[in-house]
Amino acid sequence: MERSKRSVLVVDDDKAMRDMVVAMLEDQGHDAEGSASADAAVERLRGYDFDAVISDIRMPGRSGIEMLGEIRQIRPDTPVIMMTAFGSIDSAVEAMQAGAFDYVTKPFKHDAVLVSLQRAFEHRNLEEENRRLRRAVDRTGSFGDLIGSSVAMREIFALIRKVADRRVNVLVTGESGTGKELVARTLHYAGARSDNPFVPINCTALPEGLMESELFGHVRGAFTGAVTSKRGLFEEADGGTLFLDEIGDMSPGLQSKLLRVLQDGEIRPVGGNTSKPVNVRIIAATNRDLTKDLESGRFRKDLYYRLNVIPIEIPPLRDRRDDIPALAEAFLIKHGEGRNYRLSGDGMERLCGYHWPGNARELENAIERAVALSEEGELRAEDIPLPQDGRASDTHRGLDDFLSQALAQKLTLSELGDRYTARVLECTSGNKARAAKILGINRRTLYRRGFGGELNGSDVERHAEH
């Protein structure tokens with residue numbers, strides 16, 4: 001049993017019982033203290049946050065259950081274990097309904113109290129860790145190794161917290177480089193399966209025959225070269241999570257065998273005659289549009305609906321530019337190897353202005369190159385190598401389309417300026433300071449020109465129509 005030092009308040013009007021429990025807890029290395037009444041215990045709890053409370057139910061004056069109600073108000077996170085006389089099961093049920101963490105019956109064995117207390121400590125640790133994670137997400141815009149403060153990423157964090165402890169299958173979609181495996185790992189390590197294996201496999205890495213053996217295992221002599229039996233990845237992931245990356249590229253034959261495993265919860269090794277039960281959560285990922293593959297028959301509909309119980313779509317980085325600064329800083333720390341690198345204002349502006357077709361993976365590669373080619377210190381725009389030609393062609397195409405539309409609609413110079421200003425604000429997610437800098441004007445000019453409020457899609461349309 002874990003012997004980390006924790007503080008416990010023991011409440012019992014019977015001095016002999018109270019002293020015995022205090023001594024037992026001190027022998028286990030805990031700080032224990034006794035109170036002779038519910039009133040004294042509540043007063044003590046107002047001034048000190050104990051890790052747990054152990055209390056008798058029947059006491060003169062206020063009962064333990066009445067005291068429990070007040071503890072729930074002043075120390076809602078403190079687990080309370082109730083002691084009740086043998087045969088008083090009704091009192092125990094009442095205590096649990098009132099919010100007690102657990103109960104033990106007198107006379108009790110020491111181990112029964114210690115096991116219940118250890119569970120109470122673990123419960124409190126879990127609650128504190130969950131709150132710490134929520135605060136960290138709110139403060140830093142991160143969850144595990146996932147980073148992002150955009151609305152889209154916060155919604156993904158919230159969804160991960162909701163489903164992490166459930167066995168339901170999850171389908172993660174998004175362009176290459178958006179971080180689909182990071183989402184899968186975060187789901188696994190944030191949930192109840194975190195102590196068991198997380199096993200990833202890329203469904204495009206092996207031909208169908210070898211992939212079947214890799215997933216389900218094989219028996220000795222199943223095929224040429226199978227000189228010994230081998231466990232498959234389903235068995236390796238038993239009790240944990242199997243991550244099937246690029247599931248959209250799985251062959252039709254293997255899709256049907258995977259479906260059978262999901263339906264039956266059993267695998268049959270290649271060449272084997274008997275099935276084995278497995279307890280595995282499936283997280284699949286793809287950068288393909290599987291709905292189109294369903295229509296063409298390339299991907300099985302029944303398998304799709306088995307996998308797509310909880311869909312998580314990761315938007316491309318160009319659609320969540322608010323995440324670029326935090327990602328860039330994280331990659332600087334990762335690849336700076338303890339050296340002092342920082343991004344200048346124009347360096348960060350350069351990163352935020354690029355369209356990142358390779359998403360977060362391309363951003364990380366750009367930061368890694370910049371760090372490798374630069375001396376320790378500030379990284380300016382010219383220190384960050386980006387494929388300028390590709391960006392320029394995209395920009396010029398967009399500008400040509402914009403001007404062509406303006407000419408077709410015979411916009412005045414004032415109307416053209418308003419439309420351009422609206423587009424710049426849209427591209428900067430309404431950030432007026434950044435928009436003003438791009439436009440070469442100050443923020444007051446934006447307000448004078450009627451762009452003072454929050455900008456949304458209807459604002460863009462309104463200025464486009466003027």
# chains A, B, ... in the order shown; residues from 1 in each chain; ligands from 1
>>> select_by_dssp(residues="region 152-196 of chain A", states="strand (DSSP E)", output="VMD selection string")
chain A and resid 170 to 173
>>> residues_around(residues="region 270-272 of chain A", least_positions_apart="2", cutoff="7 Å", atoms="only C-alpha atoms", output="PyMOL selection string")
chain A and resi 213+216-219+222+268+274
>>> atom_distance(atom1="CA of Ala284 (chain A)", atom2="CA of Arg298 (chain A)")
16.6 Å
>>> atom_distance(atom1="CA of Pro387 (chain A)", atom2="CA of Ala372 (chain A)")
17.4 Å
>>> closest_residue(among="A:Ser91, A:Val80, A:Asn340, A:Glu214", to="His123 (chain A)", atoms="only C-alpha atoms")
A:Val80
>>> residues_around(residues="Glu212 (chain A)", least_positions_apart="6", cutoff="10 Å", atoms="only C-alpha atoms", output="compact mmCIF listing (two decimals) with N, CA and C atoms, in the first residue's frame")
# COMPACT_ATOMS: atom_id res chain seq x y z
N LEU A 206 2.22 -1.90 -45.03
CA LEU A 206 2.48 -3.29 -45.41
C LEU A 206 1.44 -3.77 -46.40
N HIS A 218 -0.09 -14.88 -36.18
CA HIS A 218 -0.15 -16.11 -36.97
C HIS A 218 0.38 -17.28 -36.14
N GLY A 232 -0.30 -10.89 -32.58
CA GLY A 232 -0.61 -9.74 -33.40
C GLY A 232 -0.77 -8.48 -32.57
N LEU A 233 -0.95 -7.35 -33.25
CA LEU A 233 -1.05 -6.07 -32.55
C LEU A 233 -2.34 -5.97 -31.73
N GLY A 253 -10.48 -6.62 -48.47
CA GLY A 253 -10.44 -7.91 -47.79
C GLY A 253 -10.13 -7.77 -46.31
N LEU A 254 -9.19 -6.89 -46.00
CA LEU A 254 -8.83 -6.68 -44.59
C LEU A 254 -9.92 -5.92 -43.85
N LYS A 257 -12.36 -8.39 -42.43
CA LYS A 257 -11.83 -9.12 -41.27
C LYS A 257 -11.78 -8.22 -40.04
N LEU A 258 -11.47 -6.94 -40.24
CA LEU A 258 -11.48 -6.00 -39.12
C LEU A 258 -12.90 -5.83 -38.60
N PRO A 269 -5.83 -15.85 -35.30
CA PRO A 269 -4.53 -15.71 -35.96
C PRO A 269 -4.51 -16.38 -37.33
N VAL A 270 -3.71 -15.88 -38.22
CA VAL A 270 -3.58 -16.47 -39.55
C VAL A 270 -3.12 -17.92 -39.39
>>> atom_distance(atom1="CA of Val199 (chain A)", atom2="CA of Thr173 (chain A)")
18.5 Å
>>> select_by_dssp(residues="region 41-203 of chain A", states="helix (DSSP H, G or I)", output="ChimeraX atom specification")
/A:41-47,64-74,89-97,110-140,151-163,180-189
>>> closest_residue(among="A:Arg448, A:His30, A:Lys109, A:Arg58", to="Ala92 (chain A)", atoms="only C-alpha atoms")
A:Arg58
>>> closest_residue(among="A:Pro252, A:Gly265, A:Pro76, A:Pro197", to="Ala52 (chain A)", atoms="only C-alpha atoms")
A:Pro76
>>> closest_residue(among="A:Asp346, A:Asp302, A:Asp293, A:Glu181", to="Leu244 (chain A)", atoms="only C-alpha atoms")
A:Glu181
>>> residues_around(residues="Glu175 (chain A)", least_positions_apart="4", cutoff="9 Å", atoms="only C-alpha atoms", output="list in words")
Gly179, Lys180, Thr286, Asn287, Arg288, Ile314, Pro315, Pro316, Pro357, Gly358 and Asn359 of chain A
